[in-house]
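Here's entry_38.txt, which has compact mmCIF, C-alpha atoms and all ligand atoms:
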```txt
# COMPACT_ATOMS: atom_id res chain seq x y z
CA MET A 1 -54.95 -66.48 72.59
CA LYS A 2 -54.08 -67.35 76.17
CA ALA A 3 -56.13 -65.11 78.46
CA MET A 4 -56.39 -64.33 82.16
CA ILE A 5 -59.75 -63.01 83.29
CA ILE A 6 -59.50 -60.88 86.42
CA ILE A 7 -62.68 -60.83 88.50
CA PRO A 8 -62.65 -58.59 91.59
CA THR A 9 -65.12 -59.68 94.24
CA TYR A 10 -66.66 -58.30 97.37
CA ASN A 11 -69.59 -60.34 98.71
CA GLU A 12 -70.42 -62.21 95.52
CA LYS A 13 -71.04 -65.71 96.87
CA GLU A 14 -74.39 -65.94 95.08
CA ASN A 15 -72.77 -65.20 91.74
CA ILE A 16 -69.20 -66.45 91.71
CA THR A 17 -69.75 -70.22 91.90
CA ARG A 18 -72.10 -70.04 88.92
CA LEU A 19 -69.97 -67.56 87.00
CA ILE A 20 -66.65 -69.45 87.06
CA PRO A 21 -67.80 -72.50 85.05
CA GLU A 22 -69.73 -70.30 82.62
CA VAL A 23 -66.55 -68.34 81.91
CA LEU A 24 -64.28 -71.35 81.58
CA VAL A 25 -66.46 -73.07 78.97
CA GLN A 26 -66.12 -70.13 76.60
CA ASP A 27 -62.57 -71.08 75.57
CA ASP A 28 -59.99 -73.69 76.61
CA ASN A 29 -57.26 -71.04 76.74
CA ILE A 30 -58.92 -69.02 79.49
CA GLU A 31 -57.89 -68.88 83.13
CA ILE A 32 -59.54 -66.90 85.91
CA MET A 33 -58.06 -64.87 88.73
CA VAL A 34 -60.47 -63.77 91.43
CA VAL A 35 -59.22 -60.86 93.57
CA ASP A 36 -61.23 -61.04 96.78
CA ASP A 37 -61.09 -58.37 99.47
CA ASN A 38 -61.79 -60.63 102.43
CA SER A 39 -65.53 -60.70 101.65
CA PRO A 40 -67.50 -61.20 104.88
CA ASP A 41 -69.87 -63.58 103.05
CA GLY A 42 -67.05 -66.09 102.43
CA THR A 43 -66.63 -65.57 98.67
CA GLY A 44 -62.86 -66.08 99.08
CA ASP A 45 -63.26 -69.48 100.76
CA LEU A 46 -65.65 -70.66 98.04
CA VAL A 47 -63.17 -69.68 95.32
CA GLU A 48 -60.28 -71.28 97.19
CA TRP A 49 -62.26 -74.49 97.32
CA ILE A 50 -62.96 -74.36 93.56
CA SER A 51 -59.30 -73.52 92.79
CA ARG A 52 -58.06 -76.62 94.63
CA ASP A 53 -59.69 -78.85 92.01
CA ASN A 54 -59.19 -76.62 89.02
CA ALA A 55 -55.78 -75.40 87.87
CA ARG A 56 -57.44 -72.76 85.66
CA VAL A 57 -58.85 -70.92 88.68
CA HIS A 58 -56.63 -68.71 90.87
CA LEU A 59 -57.38 -66.67 93.95
CA MET A 60 -55.70 -63.55 95.27
CA ARG A 61 -56.81 -62.63 98.76
CA ARG A 62 -56.42 -59.13 100.14
CA PRO A 63 -56.92 -58.25 103.79
CA GLY A 64 -59.91 -55.90 103.44
CA LYS A 65 -62.01 -53.80 101.08
CA LEU A 66 -59.27 -51.83 99.34
CA GLY A 67 -61.26 -50.79 96.27
CA LEU A 68 -61.76 -51.84 92.68
CA GLY A 69 -58.86 -49.92 91.15
CA THR A 70 -56.16 -51.48 93.31
CA ALA A 71 -57.84 -54.89 92.99
CA TYR A 72 -57.43 -54.72 89.21
CA ILE A 73 -53.88 -53.41 89.41
CA SER A 74 -52.84 -56.22 91.77
CA GLY A 75 -54.49 -58.71 89.42
CA PHE A 76 -52.76 -57.23 86.36
CA ARG A 77 -49.36 -57.40 88.04
CA GLU A 78 -49.91 -61.02 89.01
CA ALA A 79 -51.14 -61.98 85.52
CA LEU A 80 -48.05 -60.39 83.95
CA THR A 81 -45.78 -62.66 85.99
CA ARG A 82 -47.06 -65.46 83.73
CA PRO A 83 -45.13 -65.20 80.44
CA ASP A 84 -47.68 -67.34 78.57
CA ILE A 85 -50.58 -64.94 79.16
CA GLU A 86 -51.22 -62.88 76.00
CA CYS A 87 -54.23 -60.88 77.07
CA VAL A 88 -55.92 -59.88 80.30
CA PHE A 89 -59.63 -59.20 80.88
CA GLU A 90 -61.47 -57.07 83.41
CA MET A 91 -64.85 -58.53 84.34
CA ASP A 92 -67.46 -58.04 87.09
CA ALA A 93 -68.72 -61.01 89.09
CA ASP A 94 -72.40 -60.06 88.99
CA PHE A 95 -73.40 -61.33 85.49
CA SER A 96 -73.83 -57.79 84.15
CA HIS A 97 -70.83 -58.81 82.06
CA GLN A 98 -72.15 -61.87 80.26
CA PRO A 99 -69.61 -64.64 79.65
CA LYS A 100 -71.08 -65.35 76.20
CA TYR A 101 -69.27 -62.28 74.85
CA ILE A 102 -65.78 -63.54 75.73
CA PRO A 103 -65.20 -65.25 72.35
CA GLU A 104 -66.05 -61.96 70.61
CA PHE A 105 -63.46 -60.13 72.70
CA LEU A 106 -60.86 -62.78 71.83
CA LYS A 107 -61.63 -62.35 68.15
CA ALA A 108 -61.53 -58.55 68.30
CA VAL A 109 -58.24 -58.40 70.21
CA ARG A 110 -56.47 -60.07 67.29
CA SER A 111 -56.65 -56.74 65.49
CA ALA A 112 -56.68 -54.33 68.45
CA ASP A 113 -54.71 -53.61 71.61
CA VAL A 114 -57.66 -52.81 73.85
CA VAL A 115 -61.20 -54.12 73.38
CA LEU A 116 -64.06 -52.43 75.23
CA GLY A 117 -67.42 -54.05 75.81
CA SER A 118 -69.68 -51.17 74.84
CA ARG A 119 -73.27 -50.44 75.81
CA TYR A 120 -73.37 -47.39 73.54
CA VAL A 121 -72.64 -48.71 70.07
CA PRO A 122 -75.30 -50.26 67.78
CA GLY A 123 -76.27 -53.69 69.14
CA GLY A 124 -75.30 -52.78 72.72
CA GLY A 125 -77.51 -51.59 75.55
CA VAL A 126 -78.61 -51.80 79.16
CA ARG A 127 -81.54 -53.74 80.66
CA ASN A 128 -83.63 -52.87 83.71
CA TRP A 129 -81.99 -49.56 84.48
CA GLY A 130 -83.81 -46.53 85.89
CA LEU A 131 -83.73 -43.17 84.14
CA ILE A 132 -81.22 -41.51 86.50
CA ARG A 133 -78.73 -44.31 86.11
CA LYS A 134 -79.10 -44.24 82.32
CA VAL A 135 -78.53 -40.48 82.17
CA LEU A 136 -75.54 -40.61 84.54
CA SER A 137 -73.86 -43.44 82.68
CA ARG A 138 -74.41 -42.11 79.21
CA GLY A 139 -73.64 -38.56 80.26
CA GLY A 140 -70.45 -39.70 81.98
CA SER A 141 -69.23 -41.39 78.83
CA ILE A 142 -70.05 -38.44 76.57
CA PHE A 143 -68.38 -36.06 79.05
CA SER A 144 -65.22 -38.21 79.20
CA ARG A 145 -65.13 -38.65 75.44
CA PHE A 146 -65.24 -34.93 74.73
CA MET A 147 -63.14 -33.68 77.64
CA LEU A 148 -60.32 -36.16 77.04
CA GLY A 149 -60.76 -36.86 73.33
CA LEU A 150 -61.25 -40.57 73.95
CA PRO A 151 -62.03 -42.63 70.83
CA ALA A 152 -64.92 -44.55 72.45
CA TYR A 153 -68.64 -44.24 73.19
CA ASP A 154 -68.53 -46.29 76.42
CA CYS A 155 -65.66 -44.97 78.49
CA THR A 156 -66.76 -46.17 81.93
CA GLY A 157 -67.56 -49.83 81.27
CA GLY A 158 -65.52 -52.48 83.04
CA PHE A 159 -65.76 -55.44 80.64
CA ARG A 160 -62.50 -55.14 78.74
CA CYS A 161 -59.61 -57.02 77.25
CA TYR A 162 -56.05 -55.68 77.08
CA ARG A 163 -53.12 -57.19 75.22
CA ARG A 164 -50.29 -57.86 77.67
CA GLN A 165 -48.05 -55.30 75.88
CA VAL A 166 -50.55 -52.60 76.85
CA LEU A 167 -50.41 -53.42 80.54
CA GLU A 168 -46.64 -53.72 80.40
CA ALA A 169 -46.45 -50.20 78.97
CA LEU A 170 -48.63 -48.54 81.62
CA ASP A 171 -47.26 -46.97 84.78
CA PHE A 172 -49.65 -48.33 87.42
CA GLU A 173 -48.18 -46.04 90.08
CA ARG A 174 -49.90 -43.14 88.34
CA ILE A 175 -53.36 -44.70 88.32
CA ASN A 176 -55.10 -44.32 91.64
CA SER A 177 -58.81 -43.87 91.08
CA GLU A 178 -61.67 -46.26 91.78
CA GLY A 179 -64.82 -47.40 90.03
CA PHE A 180 -65.76 -45.50 86.88
CA GLY A 181 -62.79 -43.19 87.35
CA PHE A 182 -60.43 -46.13 87.15
CA GLN A 183 -61.92 -47.23 83.82
CA VAL A 184 -61.69 -43.73 82.34
CA GLU A 185 -58.12 -43.26 83.58
CA MET A 186 -56.99 -46.62 82.13
CA LEU A 187 -58.56 -45.77 78.79
CA HIS A 188 -56.98 -42.31 78.76
CA GLU A 189 -53.52 -43.78 79.43
CA CYS A 190 -53.98 -46.38 76.65
CA ASN A 191 -55.11 -43.69 74.23
CA LYS A 192 -52.20 -41.38 75.04
CA LYS A 193 -49.79 -44.21 74.33
CA GLY A 194 -51.39 -44.69 70.92
CA PHE A 195 -52.82 -48.15 71.44
CA ARG A 196 -55.57 -49.31 69.07
CA ILE A 197 -58.90 -49.21 70.90
CA LYS A 198 -61.91 -51.10 69.58
CA GLU A 199 -65.49 -51.34 70.90
CA ILE A 200 -67.74 -54.35 70.58
CA PRO A 201 -71.43 -54.21 71.49
CA ILE A 202 -72.60 -55.79 74.75
CA VAL A 203 -76.00 -55.94 76.38
CA PHE A 204 -75.65 -55.18 80.08
CA PRO A 205 -78.40 -56.53 82.34
CA ASP A 206 -78.62 -55.24 85.91
CA ARG A 207 -77.35 -57.56 88.61
CA GLU A 208 -79.99 -60.00 89.90
CA LYS A 209 -78.14 -61.27 92.97
CA GLY A 210 -75.99 -59.58 95.60
CA THR A 211 -75.74 -55.85 96.13
CA SER A 212 -74.13 -52.97 94.26
CA LYS A 213 -71.01 -51.38 95.71
CA ILE A 214 -71.40 -48.18 93.74
CA SER A 215 -71.64 -45.02 95.85
CA LYS A 216 -72.22 -41.32 95.13
CA LYS A 217 -68.59 -40.80 96.10
CA ILE A 218 -67.43 -42.96 93.17
CA VAL A 219 -69.54 -40.94 90.72
CA PHE A 220 -68.17 -37.61 92.02
CA GLU A 221 -64.65 -38.96 92.07
CA ALA A 222 -64.95 -39.88 88.39
CA PHE A 223 -66.26 -36.42 87.48
CA PHE A 224 -63.39 -34.63 89.22
CA LEU A 225 -60.87 -37.07 87.79
CA VAL A 226 -61.93 -36.25 84.21
CA CYS A 227 -61.63 -32.50 84.98
CA ARG A 228 -58.22 -33.03 86.56
CA LEU A 229 -56.93 -35.11 83.65
CA ARG A 230 -58.23 -32.53 81.20
CA PHE A 231 -56.82 -29.44 82.87
CA SER A 232 -53.56 -30.87 84.14
CA GLY A 233 -52.76 -31.96 80.62
CA ARG A 234 -51.92 -35.43 81.89
N1 LIG B 1 -61.92 -56.91 95.31
C1 LIG B 1 -62.85 -55.96 95.28
N2 LIG B 1 -63.91 -56.09 94.44
C2 LIG B 1 -64.85 -55.10 94.44
C3 LIG B 1 -64.77 -53.95 95.26
N3 LIG B 1 -65.85 -53.16 95.01
C4 LIG B 1 -66.58 -53.81 94.07
N4 LIG B 1 -66.00 -54.98 93.73
C5 LIG B 1 -66.42 -55.95 92.70
O1 LIG B 1 -66.38 -55.27 91.48
C6 LIG B 1 -67.42 -55.68 90.61
C7 LIG B 1 -68.30 -54.50 90.24
O2 LIG B 1 -68.96 -54.01 91.41
P1 LIG B 1 -70.53 -53.68 91.42
O3 LIG B 1 -70.99 -53.47 92.80
O4 LIG B 1 -71.24 -54.70 90.63
O5 LIG B 1 -70.50 -52.31 90.72
P2 LIG B 1 -71.13 -51.98 89.35
O6 LIG B 1 -71.20 -53.20 88.50
O7 LIG B 1 -70.38 -50.84 88.79
O8 LIG B 1 -72.56 -51.50 89.80
P3 LIG B 1 -73.95 -52.29 89.72
O9 LIG B 1 -74.38 -52.16 88.31
O10 LIG B 1 -74.83 -51.56 90.67
O11 LIG B 1 -73.76 -53.71 90.07
C8 LIG B 1 -68.15 -56.78 91.37
O12 LIG B 1 -67.62 -58.03 90.99
C9 LIG B 1 -67.83 -56.45 92.83
O13 LIG B 1 -67.91 -57.58 93.67
C10 LIG B 1 -63.63 -53.84 96.14
O14 LIG B 1 -63.47 -52.89 96.90
N5 LIG B 1 -62.72 -54.86 96.10
MG MG B 2 -72.41 -54.59 88.64
```

Have the structure of the file written as structure tokens, please.
Amino acid sequence: MKAMIIIPTYNEKENITRLIPEVLVQDDNIEIMVVDDNSPDGTGDLVEWISRDNARVHLMRRPGKLGLGTAYISGFREALTRPDIECVFEMDADFSHQPKYIPEFLKAVRSADVVLGSRYVPGGGVRNWGLIRKVLSRGGSIFSRFMLGLPAYDCTGGFRCYRRQVLEALDFERINSEGFGFQVEMLHECNKKGFRIKEIPIVFPDREKGTSKISKKIVFEAFFLVCRLRFSGR
């Protein structure tokens, strides 16, 4: 299946040059689109340089740090302009999402509309996480699952594959959250439209290089989003 892998970046120069070749070797039908928010560390320039020699690598540059949600939506829109692309991935640049799982996503998406890389199904897990982070992540998924009736155990993960028909059916104007909230909102919209959602186990190591962009604000935003979705009946 012809796939576009969207990788949003903000200051990922230590990861991105190593990640791109590791992704591309997983399957000949894969292309990559990096959505860079004018990273001060020059990530965008590095990717531009790689893309000049490699037709499977594309770069979208945005003028400043506009957030993960809009980065993905811009990437989705761009990927959909390519009629040959059959599925679109979300993937982080920091190696928490290990490229070795890509073939398993491609296999699973043959019989599903949305495939979620899941830390919370047998065979999945996290590595090198502190207790607070574990509780927040697991608790956030359980909370989202029960509040919104989502058919998944990992509702906040960002290693995913969508069939193009799914993205074509979604109204991106309605989705305006960031971080974990964005992942929950996307999943909720897919579920409401009746798409087939499947989880495959992934092991999620903590990033080794670069710094996290997660803030308390993103965690609170996700909590209030789930409450809003639940009680507004959206
Ligand atoms: N384009 C763009 N990319 C972003 C933005 N914020 C984060 N990213 C990228 O999104 C991906 C996930 O961000 P991380 O900081 O790793 O967040 P996380 O994986 O949820 O948290 P950690 O586990 O702490 O790494 C990485 O590839 C980041 O570079 C943003 O505002 N714009
Ligand atoms: Mg990360």

With all atoms listed in the file as the basis for distance, which of A:Phe105, A:Phe159, A:Trp49, A:Phe223 is at the shortest distance from ligand MG 2 (chain B)?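 Distance minimum relative to ligand MG 2 (chain B) lands on A:Phe159.
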
Could I get the residue neighbourhood of ligand MG 2 (chain B) at 7 Å, counting all atoms listed in the file, as a ChimeraX atom specification? /A:92,94,96,206-207,212

Write the residues you've just listed into a file as a compact mmCIF listing (two decimals), in the coordinates of the input, and include C-alpha atoms for each of them.
```
# COMPACT_ATOMS: atom_id res chain seq x y z
CA ASP A 92 -67.46 -58.04 87.09
CA ASP A 94 -72.40 -60.06 88.99
CA SER A 96 -73.83 -57.79 84.15
CA ASP A 206 -78.62 -55.24 85.91
CA ARG A 207 -77.35 -57.56 88.61
CA SER A 212 -74.13 -52.97 94.26
```

Around ligand LIG 1 (chain B), which protein and nucleic acid residues have at least one atom no more than 7 Å from it, if we count only C-alpha atoms and all ligand atoms? List them as a PyMOL selection string. chain A and resi 7-12+35-37+65-68+71+92-94+96+179+206-207+211-214

Counting all atoms listed in the file, which residues sit no farther than 7 Å from the position (-55.7, -50.0, 70.5) in the file's frame? I'd like them as a VMD selection string. chain A and resid 112 to 114 194 to 198

At a cut-off of 12 Å, using only C-alpha atoms, what residues contact Phe146 in chain A? Leave out same-chain residues fewer than 4 positions from it and give the result as a list in words.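 Contacts, in chain order: Gly139, Gly140, Ser141, Ile142, Leu150, Pro151, Ala152, Tyr153, Asp154, Cys155, His188, Val226, Cys227 and Arg230 of chain A.
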
Taking C-alpha atoms for each residue, export the selection above as a short mmCIF file (atom, residue, chain, number, x, y, z; two decimals), in the coordinates of the input.
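Here's the written file part_0.cif:
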```cif
data_model
loop_
_atom_site.label_atom_id
_atom_site.label_comp_id
_atom_site.auth_asym_id
_atom_site.auth_seq_id
_atom_site.Cartn_x
_atom_site.Cartn_y
_atom_site.Cartn_z
CA GLY A 139 -73.64 -38.56 80.26
CA GLY A 140 -70.45 -39.70 81.98
CA SER A 141 -69.23 -41.39 78.83
CA ILE A 142 -70.05 -38.44 76.57
CA LEU A 150 -61.25 -40.57 73.95
CA PRO A 151 -62.03 -42.63 70.83
CA ALA A 152 -64.92 -44.55 72.45
CA TYR A 153 -68.64 -44.24 73.19
CA ASP A 154 -68.53 -46.29 76.42
CA CYS A 155 -65.66 -44.97 78.49
CA HIS A 188 -56.98 -42.31 78.76
CA VAL A 226 -61.93 -36.25 84.21
CA CYS A 227 -61.63 -32.50 84.98
CA ARG A 230 -58.23 -32.53 81.20
#
```

Would you tabulate, counting only C-alpha atoms, all residues of range 14-78 of chain A that have an atom at most 12 Å from an atom of range 164-168 of chain A, showing the closest pair of atoms and their distance in Å to one decimal, sorted by chain then ascending number, as JSON lines?
```
{"residue": "A:Tyr72", "atom": "CA", "partner": "A:Leu167", "partner_atom": "CA", "distance": 11.2}
{"residue": "A:Ile73", "atom": "CA", "partner": "A:Leu167", "partner_atom": "CA", "distance": 9.5}
{"residue": "A:Ser74", "atom": "CA", "partner": "A:Leu167", "partner_atom": "CA", "distance": 11.8}
{"residue": "A:Gly75", "atom": "CA", "partner": "A:Leu167", "partner_atom": "CA", "distance": 11.1}
{"residue": "A:Phe76", "atom": "CA", "partner": "A:Leu167", "partner_atom": "CA", "distance": 7.3}
{"residue": "A:Arg77", "atom": "CA", "partner": "A:Leu167", "partner_atom": "CA", "distance": 8.6}
{"residue": "A:Glu78", "atom": "CA", "partner": "A:Leu167", "partner_atom": "CA", "distance": 11.4}
```

Closest of A:Cys161, A:Leu148, A:Ile132, A:Ala108 to Gly233 in chain A - atom-to-atom distances counting all atoms listed in the file: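 Of A:Cys161, A:Leu148, A:Ile132, A:Ala108, the one nearest Gly233 in chain A, counting all atoms listed in the file, is A:Leu148.
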
At what distance in Å, to one decimal, does CA of Thr156 in chain A lie from CA of Phe180 in chain A?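 Going from CA of Phe180 in chain A over to CA of Thr156 in chain A covers 5.1 Å.
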
How big is the axis-aligned box, and where does its centre sit, when it encloses all atoms of range 151-166 of chain A listed in the file and has 6 Å added on every side, reported in Å to one decimal as JSON?
```
{"center_x": -58.3, "center_y": -50.2, "center_z": 76.9, "size_x": 32.6, "size_y": 27.2, "size_z": 24.2}
```

To one decimal in Å, tell me the separation between CA of Ser177 in chain A and CA of Ala222 in chain A. 7.8 Å

Out of A:Lys100, A:Arg133, A:Arg127, A:Arg110, which residue has the shortest atom-to-atom distance to Val219 in chain A when counting only C-alpha atoms?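 Using only C-alpha atoms, the shortest distance to Val219 in chain A belongs to A:Arg133.
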